file query08.cif (mmCIF, C-alpha atoms, pLDDT in the B column; chains and numbers go by the auth columns)
data_start
loop_
_atom_site.group_PDB
_atom_site.id
_atom_site.type_symbol
_atom_site.label_atom_id
_atom_site.label_comp_id
_atom_site.label_asym_id
_atom_site.label_seq_id
_atom_site.Cartn_x
_atom_site.Cartn_y
_atom_site.Cartn_z
_atom_site.B_iso_or_equiv
_atom_site.auth_seq_id
_atom_site.auth_asym_id
ATOM 1 C CA GLY A 1 -76.042 11.846 -67.035 61.00 1 A
ATOM 2 C CA GLU A 2 -79.786 11.436 -67.047 86.00 2 A
ATOM 3 C CA GLU A 3 -80.525 15.065 -66.310 92.00 3 A
ATOM 4 C CA VAL A 4 -79.489 18.337 -67.845 95.00 4 A
ATOM 5 C CA ALA A 5 -77.027 19.959 -65.465 97.00 5 A
ATOM 6 C CA GLN A 6 -76.556 23.712 -65.253 98.00 6 A
ATOM 7 C CA THR A 7 -73.968 25.643 -63.300 97.00 7 A
ATOM 8 C CA PRO A 8 -73.851 27.835 -61.412 97.00 8 A
ATOM 9 C CA LYS A 9 -77.276 27.879 -59.801 97.00 9 A
ATOM 10 C CA HIS A 10 -77.008 31.593 -59.058 97.00 10 A
ATOM 11 C CA LEU A 11 -74.713 34.227 -60.517 97.00 11 A
ATOM 12 C CA VAL A 12 -74.427 37.857 -59.457 98.00 12 A
ATOM 13 C CA ARG A 13 -72.595 40.366 -61.605 97.00 13 A
ATOM 14 C CA GLY A 14 -72.102 44.103 -61.545 97.00 14 A
ATOM 15 C CA GLU A 15 -73.269 45.921 -64.625 97.00 15 A
ATOM 16 C CA GLY A 16 -70.578 45.748 -67.289 96.00 16 A
ATOM 17 C CA GLN A 17 -69.027 42.535 -65.982 97.00 17 A
ATOM 18 C CA LYS A 18 -68.870 39.277 -67.888 97.00 18 A
ATOM 19 C CA ALA A 19 -71.104 36.319 -67.070 98.00 19 A
ATOM 20 C CA LYS A 20 -70.561 32.733 -68.149 98.00 20 A
ATOM 21 C CA LEU A 21 -73.105 29.967 -67.730 98.00 21 A
ATOM 22 C CA TYR A 22 -72.592 26.256 -68.297 98.00 22 A
ATOM 23 C CA CYS A 23 -74.790 23.379 -69.407 98.00 23 A
ATOM 24 C CA ALA A 24 -74.130 19.648 -69.587 96.00 24 A
ATOM 25 C CA PRO A 25 -76.781 17.993 -71.770 95.00 25 A
ATOM 26 C CA ILE A 26 -78.148 14.525 -71.179 93.00 26 A
ATOM 27 C CA LYS A 27 -75.736 11.904 -72.463 91.00 27 A
ATOM 28 C CA GLY A 28 -76.635 10.886 -75.989 89.00 28 A
ATOM 29 C CA HIS A 29 -78.584 14.062 -76.738 91.00 29 A
ATOM 30 C CA SER A 30 -77.223 15.878 -79.757 90.00 30 A
ATOM 31 C CA TYR A 31 -79.368 19.012 -79.573 92.00 31 A
ATOM 32 C CA VAL A 32 -78.858 21.794 -77.035 94.00 32 A
ATOM 33 C CA PHE A 33 -81.021 24.864 -76.576 95.00 33 A
ATOM 34 C CA TRP A 34 -80.712 28.040 -74.502 97.00 34 A
ATOM 35 C CA TYR A 35 -83.716 30.050 -73.319 97.00 35 A
ATOM 36 C CA GLN A 36 -84.027 33.219 -71.276 97.00 36 A
ATOM 37 C CA GLN A 37 -86.923 33.626 -68.833 96.00 37 A
ATOM 38 C CA VAL A 38 -87.490 37.129 -67.533 92.00 38 A
ATOM 39 C CA LEU A 39 -89.628 37.859 -64.467 80.00 39 A
ATOM 40 C CA LYS A 40 -90.868 34.254 -64.138 70.00 40 A
ATOM 41 C CA ASN A 41 -92.845 34.830 -67.252 79.00 41 A
ATOM 42 C CA GLU A 42 -91.874 34.964 -70.841 88.00 42 A
ATOM 43 C CA PHE A 43 -89.464 32.507 -72.324 93.00 43 A
ATOM 44 C CA LYS A 44 -87.273 33.697 -75.136 93.00 44 A
ATOM 45 C CA PHE A 45 -85.443 31.211 -77.325 94.00 45 A
ATOM 46 C CA LEU A 46 -81.823 32.273 -77.752 96.00 46 A
ATOM 47 C CA ILE A 47 -79.860 29.669 -79.667 95.00 47 A
ATOM 48 C CA SER A 48 -79.737 25.976 -80.547 93.00 48 A
ATOM 49 C CA PHE A 49 -76.939 23.580 -81.421 93.00 49 A
ATOM 50 C CA GLN A 50 -76.766 20.291 -83.216 91.00 50 A
ATOM 51 C CA ASN A 51 -73.681 18.729 -81.677 90.00 51 A
ATOM 52 C CA GLU A 52 -71.077 21.505 -81.793 90.00 52 A
ATOM 53 C CA ASN A 53 -72.676 23.358 -84.690 93.00 53 A
ATOM 54 C CA VAL A 54 -74.935 26.364 -84.277 93.00 54 A
ATOM 55 C CA PHE A 55 -78.325 25.501 -85.737 89.00 55 A
ATOM 56 C CA ASP A 56 -80.424 28.568 -85.037 89.00 56 A
ATOM 57 C CA GLU A 57 -79.212 31.771 -83.409 91.00 57 A
ATOM 58 C CA THR A 58 -82.018 34.090 -84.435 88.00 58 A
ATOM 59 C CA GLY A 59 -82.853 34.906 -80.808 90.00 59 A
ATOM 60 C CA MET A 60 -79.350 35.872 -79.730 92.00 60 A
ATOM 61 C CA PRO A 61 -78.486 39.524 -79.035 89.00 61 A
ATOM 62 C CA LYS A 62 -75.260 39.055 -80.945 84.00 62 A
ATOM 63 C CA GLU A 63 -73.424 42.134 -79.813 90.00 63 A
ATOM 64 C CA ARG A 64 -72.952 40.837 -76.262 94.00 64 A
ATOM 65 C CA PHE A 65 -74.102 37.211 -76.202 96.00 65 A
ATOM 66 C CA SER A 66 -72.154 34.234 -77.465 96.00 66 A
ATOM 67 C CA ALA A 67 -72.466 30.485 -77.014 97.00 67 A
ATOM 68 C CA LYS A 68 -70.451 27.357 -77.709 96.00 68 A
ATOM 69 C CA CYS A 69 -70.838 23.603 -77.550 96.00 69 A
ATOM 70 C CA LEU A 70 -67.419 21.988 -77.919 92.00 70 A
ATOM 71 C CA PRO A 71 -66.753 18.244 -77.920 88.00 71 A
ATOM 72 C CA ASN A 72 -66.162 16.722 -74.474 87.00 72 A
ATOM 73 C CA SER A 73 -66.937 20.001 -72.704 91.00 73 A
ATOM 74 C CA PRO A 74 -70.064 21.531 -71.189 95.00 74 A
ATOM 75 C CA CYS A 75 -71.859 23.957 -73.445 97.00 75 A
ATOM 76 C CA SER A 76 -71.532 27.597 -72.433 98.00 76 A
ATOM 77 C CA LEU A 77 -73.427 30.857 -72.769 98.00 77 A
ATOM 78 C CA GLU A 78 -71.389 34.003 -72.249 97.00 78 A
ATOM 79 C CA ILE A 79 -72.598 37.557 -71.814 97.00 79 A
ATOM 80 C CA GLN A 80 -70.012 40.284 -72.232 93.00 80 A
ATOM 81 C CA ALA A 81 -70.641 43.598 -70.480 93.00 81 A
ATOM 82 C CA THR A 82 -73.849 42.586 -68.737 96.00 82 A
ATOM 83 C CA LYS A 83 -76.753 45.016 -68.495 95.00 83 A
ATOM 84 C CA LEU A 84 -79.513 45.265 -65.921 95.00 84 A
ATOM 85 C CA GLU A 85 -82.032 43.832 -68.400 94.00 85 A
ATOM 86 C CA ASP A 86 -79.972 40.642 -68.698 95.00 86 A
ATOM 87 C CA SER A 87 -81.192 39.675 -65.219 96.00 87 A
ATOM 88 C CA ALA A 88 -83.192 36.512 -65.820 96.00 88 A
ATOM 89 C CA VAL A 89 -83.185 32.767 -65.398 96.00 89 A
ATOM 90 C CA TYR A 90 -81.331 31.063 -68.224 98.00 90 A
ATOM 91 C CA PHE A 91 -82.509 27.567 -69.035 97.00 91 A
ATOM 92 C CA CYS A 92 -80.646 25.007 -71.030 97.00 92 A
ATOM 93 C CA ALA A 93 -82.483 22.091 -72.640 94.00 93 A
ATOM 94 C CA SER A 94 -81.345 19.061 -74.576 93.00 94 A
ATOM 95 C CA SER A 95 -83.017 16.554 -76.827 90.00 95 A
ATOM 96 C CA ARG A 96 -82.252 13.457 -78.814 86.00 96 A
ATOM 97 C CA THR A 97 -84.449 14.786 -81.611 74.00 97 A
ATOM 98 C CA SER A 98 -86.359 18.012 -81.949 59.00 98 A
ATOM 99 C CA GLU A 99 -89.439 16.465 -80.471 65.00 99 A
ATOM 100 C CA ASN A 100 -88.824 16.378 -76.737 80.00 100 A
ATOM 101 C CA GLN A 101 -86.742 18.945 -74.931 88.00 101 A
ATOM 102 C CA TYR A 102 -85.671 18.243 -71.376 90.00 102 A
ATOM 103 C CA PHE A 103 -84.858 21.305 -69.340 94.00 103 A
ATOM 104 C CA GLY A 104 -82.169 21.890 -66.756 96.00 104 A
ATOM 105 C CA PRO A 105 -82.877 23.621 -63.439 96.00 105 A
ATOM 106 C CA GLY A 106 -81.759 26.997 -64.757 97.00 106 A
ATOM 107 C CA THR A 107 -79.163 29.578 -63.761 97.00 107 A
ATOM 108 C CA ARG A 108 -80.463 32.738 -62.108 96.00 108 A
ATOM 109 C CA LEU A 109 -78.400 35.719 -63.257 97.00 109 A
ATOM 110 C CA THR A 110 -78.720 38.925 -61.272 97.00 110 A
ATOM 111 C CA VAL A 111 -77.070 42.032 -62.674 97.00 111 A
ATOM 112 C CA LEU A 112 -76.665 44.825 -60.134 95.00 112 A
ATOM 113 C CA ALA B 1 -94.244 33.376 -87.743 79.00 1 B
ATOM 114 C CA GLN B 2 -95.479 31.177 -84.966 89.00 2 B
ATOM 115 C CA LYS B 3 -97.319 32.348 -81.886 95.00 3 B
ATOM 116 C CA VAL B 4 -98.823 30.819 -78.741 97.00 4 B
ATOM 117 C CA THR B 5 -101.499 32.622 -76.769 97.00 5 B
ATOM 118 C CA GLN B 6 -102.508 31.779 -73.225 97.00 6 B
ATOM 119 C CA ALA B 7 -105.174 34.353 -72.556 97.00 7 B
ATOM 120 C CA GLN B 8 -105.681 33.410 -68.894 97.00 8 B
ATOM 121 C CA THR B 9 -102.983 35.138 -66.886 96.00 9 B
ATOM 122 C CA GLU B 10 -104.129 33.753 -63.558 97.00 10 B
ATOM 123 C CA ILE B 11 -106.785 31.285 -62.437 97.00 11 B
ATOM 124 C CA SER B 12 -107.770 30.615 -58.848 97.00 12 B
ATOM 125 C CA VAL B 13 -109.995 27.713 -57.862 97.00 13 B
ATOM 126 C CA VAL B 14 -110.801 25.806 -54.729 97.00 14 B
ATOM 127 C CA GLU B 15 -109.335 22.364 -54.280 97.00 15 B
ATOM 128 C CA LYS B 16 -111.248 19.513 -55.964 97.00 16 B
ATOM 129 C CA GLU B 17 -112.676 21.783 -58.630 97.00 17 B
ATOM 130 C CA ASP B 18 -111.965 21.025 -62.288 97.00 18 B
ATOM 131 C CA VAL B 19 -110.024 23.659 -64.194 98.00 19 B
ATOM 132 C CA THR B 20 -109.206 24.153 -67.877 98.00 20 B
ATOM 133 C CA LEU B 21 -106.208 26.104 -69.141 98.00 21 B
ATOM 134 C CA ASP B 22 -106.568 27.459 -72.652 98.00 22 B
ATOM 135 C CA CYS B 23 -103.919 27.515 -75.360 98.00 23 B
ATOM 136 C CA VAL B 24 -104.337 28.867 -78.879 98.00 24 B
ATOM 137 C CA TYR B 25 -101.538 28.679 -81.416 97.00 25 B
ATOM 138 C CA GLU B 26 -100.634 30.066 -84.833 96.00 26 B
ATOM 139 C CA THR B 27 -98.322 28.425 -87.335 94.00 27 B
ATOM 140 C CA ARG B 28 -97.978 28.181 -91.094 91.00 28 B
ATOM 141 C CA ASP B 29 -96.456 24.704 -90.935 89.00 29 B
ATOM 142 C CA THR B 30 -98.538 21.590 -91.414 88.00 30 B
ATOM 143 C CA THR B 31 -96.162 19.580 -89.229 88.00 31 B
ATOM 144 C CA TYR B 32 -95.619 20.857 -85.727 90.00 32 B
ATOM 145 C CA TYR B 33 -95.517 19.788 -82.092 90.00 33 B
ATOM 146 C CA LEU B 34 -97.418 21.168 -79.134 92.00 34 B
ATOM 147 C CA PHE B 35 -96.262 20.909 -75.539 93.00 35 B
ATOM 148 C CA TRP B 36 -97.369 21.666 -72.011 95.00 36 B
ATOM 149 C CA TYR B 37 -94.875 22.356 -69.229 95.00 37 B
ATOM 150 C CA LYS B 38 -95.419 22.961 -65.531 96.00 38 B
ATOM 151 C CA GLN B 39 -93.274 25.394 -63.561 95.00 39 B
ATOM 152 C CA PRO B 40 -93.834 25.005 -59.808 95.00 40 B
ATOM 153 C CA PRO B 41 -92.700 27.695 -57.343 92.00 41 B
ATOM 154 C CA SER B 42 -89.307 25.980 -57.089 91.00 42 B
ATOM 155 C CA GLY B 43 -88.658 27.132 -60.662 91.00 43 B
ATOM 156 C CA GLU B 44 -87.835 24.019 -62.646 92.00 44 B
ATOM 157 C CA LEU B 45 -89.675 23.250 -65.853 93.00 45 B
ATOM 158 C CA VAL B 46 -91.512 19.926 -65.850 92.00 46 B
ATOM 159 C CA PHE B 47 -92.507 18.322 -69.141 90.00 47 B
ATOM 160 C CA LEU B 48 -96.150 17.195 -69.185 94.00 48 B
ATOM 161 C CA ILE B 49 -97.067 16.254 -72.738 91.00 49 B
ATOM 162 C CA ARG B 50 -96.083 16.474 -76.405 89.00 50 B
ATOM 163 C CA ARG B 51 -98.568 16.159 -79.214 89.00 51 B
ATOM 164 C CA ASN B 52 -97.805 16.162 -82.944 87.00 52 B
ATOM 165 C CA SER B 53 -100.031 17.877 -85.473 90.00 53 B
ATOM 166 C CA PHE B 54 -101.175 14.641 -87.072 89.00 54 B
ATOM 167 C CA ASP B 55 -102.553 13.163 -83.894 86.00 55 B
ATOM 168 C CA GLU B 56 -105.780 14.813 -82.793 84.00 56 B
ATOM 169 C CA GLN B 57 -106.717 12.165 -80.286 84.00 57 B
ATOM 170 C CA ASN B 58 -107.373 13.518 -76.854 87.00 58 B
ATOM 171 C CA GLU B 59 -105.109 12.266 -74.131 88.00 59 B
ATOM 172 C CA ILE B 60 -105.754 11.445 -70.501 89.00 60 B
ATOM 173 C CA SER B 61 -103.117 10.854 -67.859 90.00 61 B
ATOM 174 C CA GLY B 62 -104.541 10.428 -64.392 94.00 62 B
ATOM 175 C CA ARG B 63 -106.218 13.707 -63.440 95.00 63 B
ATOM 176 C CA TYR B 64 -104.770 15.477 -66.490 96.00 64 B
ATOM 177 C CA SER B 65 -106.364 15.558 -69.914 95.00 65 B
ATOM 178 C CA TRP B 66 -105.638 17.422 -73.122 96.00 66 B
ATOM 179 C CA ASN B 67 -108.006 18.442 -75.903 95.00 67 B
ATOM 180 C CA PHE B 68 -106.310 19.123 -79.253 95.00 68 B
ATOM 181 C CA GLN B 69 -108.512 20.688 -81.939 94.00 69 B
ATOM 182 C CA LYS B 70 -106.858 21.708 -85.198 93.00 70 B
ATOM 183 C CA SER B 71 -110.053 23.345 -86.427 93.00 71 B
ATOM 184 C CA THR B 72 -109.749 25.988 -83.722 95.00 72 B
ATOM 185 C CA SER B 73 -105.934 25.817 -83.338 96.00 73 B
ATOM 186 C CA SER B 74 -106.333 25.022 -79.671 97.00 74 B
ATOM 187 C CA PHE B 75 -104.617 22.648 -77.274 97.00 75 B
ATOM 188 C CA ASN B 76 -106.387 22.972 -73.942 97.00 76 B
ATOM 189 C CA PHE B 77 -105.379 21.343 -70.689 97.00 77 B
ATOM 190 C CA THR B 78 -107.824 20.205 -68.011 97.00 78 B
ATOM 191 C CA ILE B 79 -107.043 19.203 -64.465 97.00 79 B
ATOM 192 C CA THR B 80 -109.794 17.190 -62.825 97.00 80 B
ATOM 193 C CA ALA B 81 -110.284 17.293 -59.046 97.00 81 B
ATOM 194 C CA SER B 82 -107.496 19.833 -58.607 97.00 82 B
ATOM 195 C CA GLN B 83 -105.105 19.593 -55.685 97.00 83 B
ATOM 196 C CA VAL B 84 -102.963 22.186 -53.919 96.00 84 B
ATOM 197 C CA VAL B 85 -99.854 20.572 -55.422 96.00 85 B
ATOM 198 C CA ASP B 86 -101.147 21.541 -58.864 97.00 86 B
ATOM 199 C CA SER B 87 -100.458 25.184 -58.033 97.00 87 B
ATOM 200 C CA ALA B 88 -97.872 26.354 -60.560 97.00 88 B
ATOM 201 C CA VAL B 89 -97.407 28.327 -63.747 96.00 89 B
ATOM 202 C CA TYR B 90 -98.340 26.276 -66.792 97.00 90 B
ATOM 203 C CA PHE B 91 -96.827 26.979 -70.186 97.00 91 B
ATOM 204 C CA CYS B 92 -98.050 25.887 -73.586 97.00 92 B
ATOM 205 C CA ALA B 93 -95.405 25.744 -76.326 94.00 93 B
ATOM 206 C CA LEU B 94 -95.066 25.092 -80.054 93.00 94 B
ATOM 207 C CA SER B 95 -92.269 23.688 -82.165 89.00 95 B
ATOM 208 C CA GLU B 96 -92.261 23.670 -85.944 83.00 96 B
ATOM 209 C CA ALA B 97 -90.684 20.345 -86.877 68.00 97 B
ATOM 210 C CA GLY B 98 -88.641 21.653 -89.738 55.00 98 B
ATOM 211 C CA GLY B 99 -84.926 21.234 -89.294 50.00 99 B
ATOM 212 C CA GLY B 100 -84.332 19.308 -86.120 58.00 100 B
ATOM 213 C CA ALA B 101 -83.185 21.785 -83.519 68.00 101 B
ATOM 214 C CA ASP B 102 -86.136 24.147 -83.589 82.00 102 B
ATOM 215 C CA GLY B 103 -86.560 26.314 -80.543 88.00 103 B
ATOM 216 C CA LEU B 104 -89.850 26.263 -78.716 91.00 104 B
ATOM 217 C CA THR B 105 -92.207 29.212 -78.863 93.00 105 B
ATOM 218 C CA PHE B 106 -93.846 29.590 -75.462 95.00 106 B
ATOM 219 C CA GLY B 107 -97.051 31.248 -74.396 96.00 107 B
ATOM 220 C CA LYS B 108 -96.852 33.701 -71.509 95.00 108 B
ATOM 221 C CA GLY B 109 -98.089 31.125 -69.040 96.00 109 B
ATOM 222 C CA THR B 110 -101.134 30.731 -66.811 97.00 110 B
ATOM 223 C CA HIS B 111 -100.600 31.017 -63.085 97.00 111 B
ATOM 224 C CA LEU B 112 -102.855 28.422 -61.467 98.00 112 B
ATOM 225 C CA ILE B 113 -103.655 28.829 -57.779 98.00 113 B
ATOM 226 C CA ILE B 114 -105.404 25.991 -56.014 97.00 114 B
ATOM 227 C CA GLN B 115 -106.806 27.087 -52.679 96.00 115 B
ATOM 228 C CA PRO B 116 -107.332 24.534 -49.919 94.00 116 B
#

call {"tool": "encode", "arguments": {"input": "query08.cif", "output": "structure tokens"}}
result
Amino acid sequence: GEEVAQTPKHLVRGEGQKAKLYCAPIKGHSYVFWYQQVLKNEFKFLISFQNENVFDETGMPKERFSAKCLPNSPCSLEIQATKLEDSAVYFCASSRTSENQYFGPGTRLTVL
Amino acid sequence: AQKVTQAQTEISVVEKEDVTLDCVYETRDTTYYLFWYKQPPSGELVFLIRRNSFDEQNEISGRYSWNFQKSTSSFNFTITASQVVDSAVYFCALSEAGGGADGLTFGKGTHLIIQP
């Protein structure tokens, strides 16, 4: 596709439940990025992939967050045992090179 | 470590006024990219411009213009004759062009309010 697609648009989870978010990058883009935006403000880089390989995961809270990009499947970001502070909008972006990142519409995660 | 500072948290102007959004960055790399994104109330992130560190030419696109000055590590964004539709949060971002899939470092954003 010509746009980055993210599903679901909204996700509500009780504290301690698992949350899984999906991202389909633009066709032909080999780089995928995940960002977390809290309170409509600060963006935090979480992880990037080059094809199905993790490139940079320095921003990931590794104890509960994991991500994958498998061939012929949407990329995913999974949060085990969600906490209240995980409430945020999670953006996925893709690029053909590192120069231009195109962002999806985001998934709003609300943890109650 | 890289850092982007947008010191203006919120700016409010009356329609048709010109407005400049400031962005100051820090990086140790000599090769890097600077970006501006717009986030309207609907929440999506709209790409506005990318500039690489070797190109200091100013850019103009319609009512938008960008002033890149390496000497002051600034990449400011000016909207001329602002319109209500320009109301949004604007983010400046930096990418160090090292290994290919470098994450962007964002500033905290400037909330621009254009009053009719």

call {"tool": "resolve_selection", "arguments": {"input": "query08.cif", "expression": "the PyMOL selection byres ((chain A) within 8 of (chain B))", "output": "number ranges by chain"}}
result
A: 31-33, 41-45, 47-50, 55-56, 97-100, 102-106

call {"tool": "write_last_selection", "arguments": {"input": "query08.cif", "atoms": "C-alpha atoms", "output": "PDB file, keeping the file's coordinate frame"}}
result
ATOM      1  CA  TYR A  31     -79.368  19.012 -79.573  1.00 92.00           C
ATOM      2  CA  VAL A  32     -78.858  21.794 -77.035  1.00 94.00           C
ATOM      3  CA  PHE A  33     -81.021  24.864 -76.576  1.00 95.00           C
ATOM      4  CA  ASN A  41     -92.845  34.830 -67.252  1.00 79.00           C
ATOM      5  CA  GLU A  42     -91.874  34.964 -70.841  1.00 88.00           C
ATOM      6  CA  PHE A  43     -89.464  32.507 -72.324  1.00 93.00           C
ATOM      7  CA  LYS A  44     -87.273  33.697 -75.136  1.00 93.00           C
ATOM      8  CA  PHE A  45     -85.443  31.211 -77.325  1.00 94.00           C
ATOM      9  CA  ILE A  47     -79.860  29.669 -79.667  1.00 95.00           C
ATOM     10  CA  SER A  48     -79.737  25.976 -80.547  1.00 93.00           C
ATOM     11  CA  PHE A  49     -76.939  23.580 -81.421  1.00 93.00           C
ATOM     12  CA  GLN A  50     -76.766  20.291 -83.216  1.00 91.00           C
ATOM     13  CA  PHE A  55     -78.325  25.501 -85.737  1.00 89.00           C
ATOM     14  CA  ASP A  56     -80.424  28.568 -85.037  1.00 89.00           C
ATOM     15  CA  THR A  97     -84.449  14.786 -81.611  1.00 74.00           C
ATOM     16  CA  SER A  98     -86.359  18.012 -81.949  1.00 59.00           C
ATOM     17  CA  GLU A  99     -89.439  16.465 -80.471  1.00 65.00           C
ATOM     18  CA  ASN A 100     -88.824  16.378 -76.737  1.00 80.00           C
ATOM     19  CA  TYR A 102     -85.671  18.243 -71.376  1.00 90.00           C
ATOM     20  CA  PHE A 103     -84.858  21.305 -69.340  1.00 94.00           C
ATOM     21  CA  GLY A 104     -82.169  21.890 -66.756  1.00 96.00           C
ATOM     22  CA  PRO A 105     -82.877  23.621 -63.439  1.00 96.00           C
ATOM     23  CA  GLY A 106     -81.759  26.997 -64.757  1.00 97.00           C
TER      24      GLY A 106
END

call {"tool": "atom_distance", "arguments": {"input": "query08.cif", "atom1": "CA of Arg108 in chain A", "atom2": "CA of Lys27 in chain A"}}
result
23.7 Å

call {"tool": "resolve_selection", "arguments": {"input": "query08.cif", "expression": "the PyMOL selection byres ((chain A and resi 70-72) around 6)", "output": "list in words"}}
result
Glu52, Cys69 and Ser73 of chain A

call {"tool": "write_last_selection", "arguments": {"input": "query08.cif", "atoms": "C-alpha atoms", "output": "PDB file, in the coordinates of the input"}}
result
ATOM      1  CA  GLU A  52     -71.077  21.505 -81.793  1.00 90.00           C
ATOM      2  CA  CYS A  69     -70.838  23.603 -77.550  1.00 96.00           C
ATOM      3  CA  SER A  73     -66.937  20.001 -72.704  1.00 91.00           C
TER       4      SER A  73
END

call {"tool": "resolve_selection", "arguments": {"input": "query08.cif", "expression": "the PyMOL selection byres ((chain B and resi 20) around 7)", "output": "PyMOL selection string"}}
result
chain B and resi 18-19+21-22+76-79

call {"tool": "write_last_selection", "arguments": {"input": "query08.cif", "atoms": "C-alpha atoms", "output": "PDB file, keeping the file's coordinate frame"}}
result
ATOM      1  CA  ASP B  18    -111.965  21.025 -62.288  1.00 97.00           C
ATOM      2  CA  VAL B  19    -110.024  23.659 -64.194  1.00 98.00           C
ATOM      3  CA  LEU B  21    -106.208  26.104 -69.141  1.00 98.00           C
ATOM      4  CA  ASP B  22    -106.568  27.459 -72.652  1.00 98.00           C
ATOM      5  CA  ASN B  76    -106.387  22.972 -73.942  1.00 97.00           C
ATOM      6  CA  PHE B  77    -105.379  21.343 -70.689  1.00 97.00           C
ATOM      7  CA  THR B  78    -107.824  20.205 -68.011  1.00 97.00           C
ATOM      8  CA  ILE B  79    -107.043  19.203 -64.465  1.00 97.00           C
TER       9      ILE B  79
END

call {"tool": "residues_around", "arguments": {"input": "query08.cif", "residues": "Glu85 in chain A", "least_positions_apart": "5", "cutoff": "10 Å", "atoms": "all atoms listed in the file", "output": "PyMOL selection string"}}
result
chain A and resi 15+38+110-112

call {"tool": "atom_distance", "arguments": {"input": "query08.cif", "atom1": "CA of Ala88 in chain A", "atom2": "CA of Ala67 in chain A"}}
result
16.6 Å

call {"tool": "atom_distance", "arguments": {"input": "query08.cif", "atom1": "CA of Lys40 in chain A", "atom2": "CA of Pro61 in chain A"}}
result
20.1 Å

call {"tool": "closest_residue", "arguments": {"input": "query08.cif", "among": "B:Leu48, B:Ala1, B:Tyr25, B:Ser12", "to": "Gly62 in chain B", "atoms": "only C-alpha atoms"}}
result
B:Leu48

call {"tool": "closest_residue", "arguments": {"input": "query08.cif", "among": "A:Thr107, A:Met60, A:Ser66, A:Asn51", "to": "Ser87 in chain A", "atoms": "only C-alpha atoms"}}
result
A:Thr107

call {"tool": "decode", "arguments": {"input": "query08.cif", "residues": "range 33-37 of chain B", "atoms": "all heavy atoms", "output": "short mmCIF file (atom, residue, chain, number, x, y, z; two decimals), in the first residue's frame"}}
result
data_model
loop_
_atom_site.label_atom_id
_atom_site.label_comp_id
_atom_site.auth_asym_id
_atom_site.auth_seq_id
_atom_site.Cartn_x
_atom_site.Cartn_y
_atom_site.Cartn_z
N TYR B 33 20.18 14.59 9.60
CA TYR B 33 19.00 15.11 8.91
C TYR B 33 18.10 15.80 9.91
O TYR B 33 17.96 15.36 11.06
CB TYR B 33 18.23 13.98 8.23
CG TYR B 33 18.97 13.36 7.08
CD1 TYR B 33 19.85 12.31 7.28
CD2 TYR B 33 18.78 13.83 5.79
CE1 TYR B 33 20.54 11.75 6.23
CE2 TYR B 33 19.47 13.27 4.72
CZ TYR B 33 20.35 12.23 4.95
OH TYR B 33 21.02 11.68 3.91
N LEU B 34 17.49 16.88 9.48
CA LEU B 34 16.54 17.62 10.31
C LEU B 34 15.17 17.58 9.64
O LEU B 34 15.07 17.63 8.40
CB LEU B 34 16.99 19.07 10.48
CG LEU B 34 18.28 19.23 11.28
CD1 LEU B 34 18.87 20.62 11.06
CD2 LEU B 34 18.02 18.99 12.76
N PHE B 35 14.14 17.50 10.45
CA PHE B 35 12.78 17.35 9.94
C PHE B 35 11.84 18.30 10.69
O PHE B 35 12.08 18.66 11.84
CB PHE B 35 12.26 15.92 10.19
CG PHE B 35 13.09 14.83 9.60
CD1 PHE B 35 14.26 14.41 10.22
CD2 PHE B 35 12.69 14.18 8.44
CE1 PHE B 35 15.02 13.38 9.69
CE2 PHE B 35 13.44 13.15 7.91
CZ PHE B 35 14.61 12.74 8.53
N TRP B 36 10.75 18.62 10.01
CA TRP B 36 9.60 19.24 10.67
C TRP B 36 8.37 18.40 10.34
O TRP B 36 8.17 18.01 9.17
CB TRP B 36 9.37 20.68 10.21
CG TRP B 36 10.20 21.68 10.96
CD1 TRP B 36 11.42 22.18 10.59
CD2 TRP B 36 9.87 22.31 12.20
NE1 TRP B 36 11.87 23.08 11.53
CE2 TRP B 36 10.95 23.18 12.52
CE3 TRP B 36 8.79 22.23 13.08
CZ2 TRP B 36 10.96 23.97 13.69
CZ3 TRP B 36 8.80 23.01 14.23
CH2 TRP B 36 9.88 23.86 14.51
N TYR B 37 7.56 18.15 11.38
CA TYR B 37 6.29 17.45 11.22
C TYR B 37 5.18 18.30 11.83
O TYR B 37 5.39 19.01 12.82
CB TYR B 37 6.31 16.09 11.94
CG TYR B 37 7.14 15.03 11.27
CD1 TYR B 37 8.49 14.90 11.56
CD2 TYR B 37 6.56 14.15 10.36
CE1 TYR B 37 9.26 13.91 10.95
CE2 TYR B 37 7.32 13.16 9.75
CZ TYR B 37 8.66 13.04 10.05
OH TYR B 37 9.41 12.06 9.44
#
